[in-house]
file coords_6.txt (compact mmCIF, C-alpha atoms)
# COMPACT_ATOMS: atom_id res chain seq x y z
CA MET M 1 84.64 95.77 119.17
CA GLN M 2 86.09 99.26 118.79
CA LYS M 3 86.31 100.87 115.38
CA SER M 4 89.63 102.06 114.07
CA PHE M 5 90.14 105.73 113.26
CA SER M 6 93.09 107.78 112.09
CA LEU M 7 95.65 109.14 114.52
CA ASP M 8 94.91 112.74 113.57
CA GLY M 9 91.44 112.34 115.12
CA MET M 10 92.86 111.85 118.62
CA ASN M 11 92.94 114.60 121.25
CA VAL M 12 95.87 115.60 123.44
CA GLY M 13 96.22 113.19 126.37
CA GLU M 14 94.45 110.27 124.68
CA THR M 15 96.11 106.87 124.49
CA ALA M 16 95.49 104.31 121.74
CA THR M 17 96.97 101.22 120.11
CA ILE M 18 98.13 101.23 116.51
CA ARG M 19 96.09 98.74 114.46
CA GLN M 20 97.20 99.41 110.90
CA LEU M 21 99.60 101.56 108.91
CA ASN M 22 99.39 102.33 105.22
CA ALA M 23 102.96 101.34 104.36
CA LEU M 24 102.72 102.73 100.83
CA GLU M 25 102.07 106.26 102.11
CA LEU M 26 104.51 106.34 105.05
CA PRO M 27 108.31 106.48 104.99
CA SER M 28 110.23 103.49 106.36
CA LYS M 29 111.59 105.64 109.21
CA PHE M 30 108.19 105.31 110.91
CA PHE M 31 108.71 101.57 111.28
CA GLU M 32 112.28 102.09 112.46
CA MET M 33 111.05 104.50 115.16
CA GLY M 34 108.72 101.81 116.53
CA LEU M 35 105.40 102.81 114.98
CA LEU M 36 104.18 99.27 114.42
CA PRO M 37 100.82 97.53 114.82
CA GLY M 38 100.19 96.75 118.48
CA THR M 39 102.24 99.69 119.78
CA VAL M 40 100.63 101.90 122.42
CA ILE M 41 100.94 105.63 121.74
CA GLU M 42 99.77 108.82 123.45
CA VAL M 43 99.17 112.22 121.86
CA LYS M 44 101.23 114.77 123.79
CA HIS M 45 100.86 117.86 121.59
CA LYS M 46 98.92 119.11 118.57
CA ALA M 47 100.21 122.25 116.87
CA PRO M 48 97.63 124.73 115.60
CA PHE M 49 96.73 125.26 111.94
CA ASN M 50 97.20 121.59 110.94
CA GLY M 51 100.76 121.54 112.27
CA PRO M 52 102.68 118.52 113.57
CA ILE M 53 101.36 116.09 116.16
CA GLY M 54 103.66 115.09 119.03
CA ILE M 55 103.22 111.45 120.06
CA HIS M 56 104.80 109.41 122.83
CA ILE M 57 105.67 105.83 121.87
CA HIS M 58 105.31 103.87 125.11
CA SER M 59 107.37 100.80 124.14
CA SER M 60 110.52 102.79 123.43
CA ASN M 61 109.76 105.85 125.63
CA VAL M 62 110.32 108.19 122.69
CA LEU M 63 108.55 111.44 121.78
CA VAL M 64 108.28 112.13 118.03
CA ALA M 65 106.50 114.71 115.92
CA ILE M 66 104.76 113.68 112.71
CA ARG M 67 102.89 115.64 110.07
CA LYS M 68 99.12 115.63 110.22
CA SER M 69 99.07 114.36 106.62
CA GLU M 70 101.12 111.34 107.74
CA ALA M 71 98.96 110.77 110.83
CA THR M 72 95.93 110.19 108.59
CA HIS M 73 97.59 106.98 107.33
CA ILE M 74 97.96 105.49 110.84
CA LEU M 75 94.84 103.74 112.12
CA VAL M 76 94.46 103.39 115.88
CA GLU M 77 91.99 101.87 118.33
CA ARG M 78 91.22 102.90 121.91
call {"tool": "encode", "arguments": {"input": "coords_6.txt", "output": "structure tokens"}}
result
Amino acid sequence: MQKSFSLDGMNVGETATIRQLNALELPSKFFEMGLLPGTVIEVKHKAPFNGPIGIHIHSSNVLVAIRKSEATHILVER
């Protein structure tokens, strides 16, 4: 069984499935955008100097940018 790790640990081009979100640390807009457990995502861009991370949400075909500090609260699994 694969171990979960935070989204900010992924590299550009990697695909993973969301396993858990820390709902107390994330705004509700994340759930409205489709970032839910079981959703497949792909990292499309990582800005330098701890900048935003661009992720593609496969189920809704949407590209969103989230803060690195928010990405640490999203656990994914390859």
call {"tool": "atom_distance", "arguments": {"input": "coords_6.txt", "atom1": "atom CA of Asn11 of chain M", "atom2": "atom CA of Phe31 of chain M"}}
result
22.8 Å
call {"tool": "closest_residue", "arguments": {"input": "coords_6.txt", "among": "M:Glu77, M:Glu42, M:Glu25, M:Asp8", "to": "Val62 of chain M", "atoms": "all atoms listed in the file"}}
result
M:Glu42
call {"tool": "residues_around", "arguments": {"input": "coords_6.txt", "residues": "Pro27 of chain M", "least_positions_apart": "6", "cutoff": "12 Å", "atoms": "all atoms listed in the file", "output": "ChimeraX atom specification"}}
result
/M:21,33,35,66-67,70-71,73-74
call {"tool": "residues_around", "arguments": {"input": "coords_6.txt", "residues": "Val76 of chain M", "least_positions_apart": "4", "cutoff": "8 Å", "atoms": "all atoms listed in the file", "output": "list of chain:residue names"}}
result
M:Ser4, M:Phe5, M:Ser6, M:Leu7, M:Ala16, M:Thr17, M:Ile18, M:Arg19, M:Gln20
call {"tool": "atom_distance", "arguments": {"input": "coords_6.txt", "atom1": "atom CA of Thr39 of chain M", "atom2": "atom CA of Asn61 of chain M"}}
result
11.3 Å
call {"tool": "atom_distance", "arguments": {"input": "coords_6.txt", "atom1": "atom CA of Gly34 of chain M", "atom2": "atom CA of His58 of chain M"}}
result
9.5 Å
call {"tool": "closest_residue", "arguments": {"input": "coords_6.txt", "among": "M:Leu24, M:Ala65, M:Val40, M:Met10", "to": "Pro52 of chain M", "atoms": "all atoms listed in the file"}}
result
M:Ala65
call {"tool": "build_atoms", "arguments": {"input": "coords_6.txt", "residues": "segment 3-14 of chain M", "atoms": "all heavy atoms", "output": "short mmCIF file (atom, residue, chain, number, x, y, z; two decimals), keeping the file's coordinate frame"}}
result
data_model
loop_
_atom_site.label_atom_id
_atom_site.label_comp_id
_atom_site.auth_asym_id
_atom_site.auth_seq_id
_atom_site.Cartn_x
_atom_site.Cartn_y
_atom_site.Cartn_z
N LYS M 3 85.99 100.56 116.77
CA LYS M 3 86.31 100.87 115.38
C LYS M 3 87.63 101.61 115.33
O LYS M 3 87.95 102.41 116.19
CB LYS M 3 85.21 101.72 114.77
CG LYS M 3 83.94 100.96 114.57
CD LYS M 3 83.19 101.55 113.43
CE LYS M 3 82.00 100.65 113.16
NZ LYS M 3 81.45 100.83 111.87
N SER M 4 88.38 101.35 114.27
CA SER M 4 89.63 102.06 114.07
C SER M 4 89.37 103.44 113.47
O SER M 4 88.42 103.62 112.72
CB SER M 4 90.54 101.26 113.14
OG SER M 4 90.89 100.03 113.73
N PHE M 5 90.22 104.39 113.82
CA PHE M 5 90.14 105.73 113.26
C PHE M 5 91.57 106.23 113.11
O PHE M 5 92.51 105.67 113.66
CB PHE M 5 89.30 106.65 114.15
CG PHE M 5 89.78 106.75 115.57
CD1 PHE M 5 90.61 107.78 115.96
CD2 PHE M 5 89.40 105.79 116.51
CE1 PHE M 5 91.06 107.87 117.26
CE2 PHE M 5 89.84 105.88 117.81
CZ PHE M 5 90.68 106.92 118.19
N SER M 6 91.73 107.30 112.35
CA SER M 6 93.09 107.78 112.09
C SER M 6 93.65 108.54 113.30
O SER M 6 92.91 109.15 114.08
CB SER M 6 93.14 108.64 110.83
OG SER M 6 92.37 109.79 111.00
N LEU M 7 94.94 108.52 113.40
CA LEU M 7 95.65 109.14 114.52
C LEU M 7 95.37 110.63 114.62
O LEU M 7 95.31 111.18 115.73
CB LEU M 7 97.15 108.90 114.35
CG LEU M 7 98.08 109.55 115.36
CD1 LEU M 7 98.00 108.81 116.68
CD2 LEU M 7 99.49 109.58 114.87
N ASP M 8 95.15 111.30 113.52
CA ASP M 8 94.91 112.74 113.57
C ASP M 8 93.58 113.10 114.24
O ASP M 8 93.36 114.24 114.61
CB ASP M 8 94.98 113.37 112.17
CG ASP M 8 93.87 112.91 111.26
OD1 ASP M 8 93.55 111.71 111.25
OD2 ASP M 8 93.30 113.76 110.55
N GLY M 9 92.71 112.11 114.45
CA GLY M 9 91.44 112.34 115.12
C GLY M 9 91.51 112.27 116.64
O GLY M 9 90.53 112.51 117.32
N MET M 10 92.69 111.95 117.17
CA MET M 10 92.86 111.85 118.62
C MET M 10 93.07 113.23 119.23
O MET M 10 93.56 114.15 118.58
CB MET M 10 94.06 110.96 118.96
CG MET M 10 93.86 109.51 118.60
SD MET M 10 95.33 108.51 118.96
CE MET M 10 95.46 108.68 120.73
N ASN M 11 92.73 113.37 120.50
CA ASN M 11 92.94 114.60 121.25
C ASN M 11 94.18 114.48 122.12
O ASN M 11 94.62 113.36 122.43
CB ASN M 11 91.72 114.92 122.13
CG ASN M 11 90.49 115.20 121.31
OD1 ASN M 11 90.56 115.90 120.30
ND2 ASN M 11 89.36 114.66 121.72
N VAL M 12 94.70 115.58 122.56
CA VAL M 12 95.87 115.60 123.44
C VAL M 12 95.52 114.85 124.73
O VAL M 12 94.46 115.06 125.32
CB VAL M 12 96.30 117.05 123.75
CG1 VAL M 12 97.42 117.07 124.78
CG2 VAL M 12 96.75 117.75 122.48
N GLY M 13 96.42 113.96 125.15
CA GLY M 13 96.22 113.19 126.37
C GLY M 13 95.61 111.82 126.14
O GLY M 13 95.61 110.99 127.04
N GLU M 14 95.07 111.57 124.96
CA GLU M 14 94.45 110.27 124.68
C GLU M 14 95.52 109.23 124.34
O GLU M 14 96.54 109.54 123.74
CB GLU M 14 93.48 110.37 123.50
CG GLU M 14 92.21 111.08 123.83
CD GLU M 14 91.21 111.04 122.70
OE1 GLU M 14 91.61 111.13 121.52
OE2 GLU M 14 90.02 110.90 123.01
#
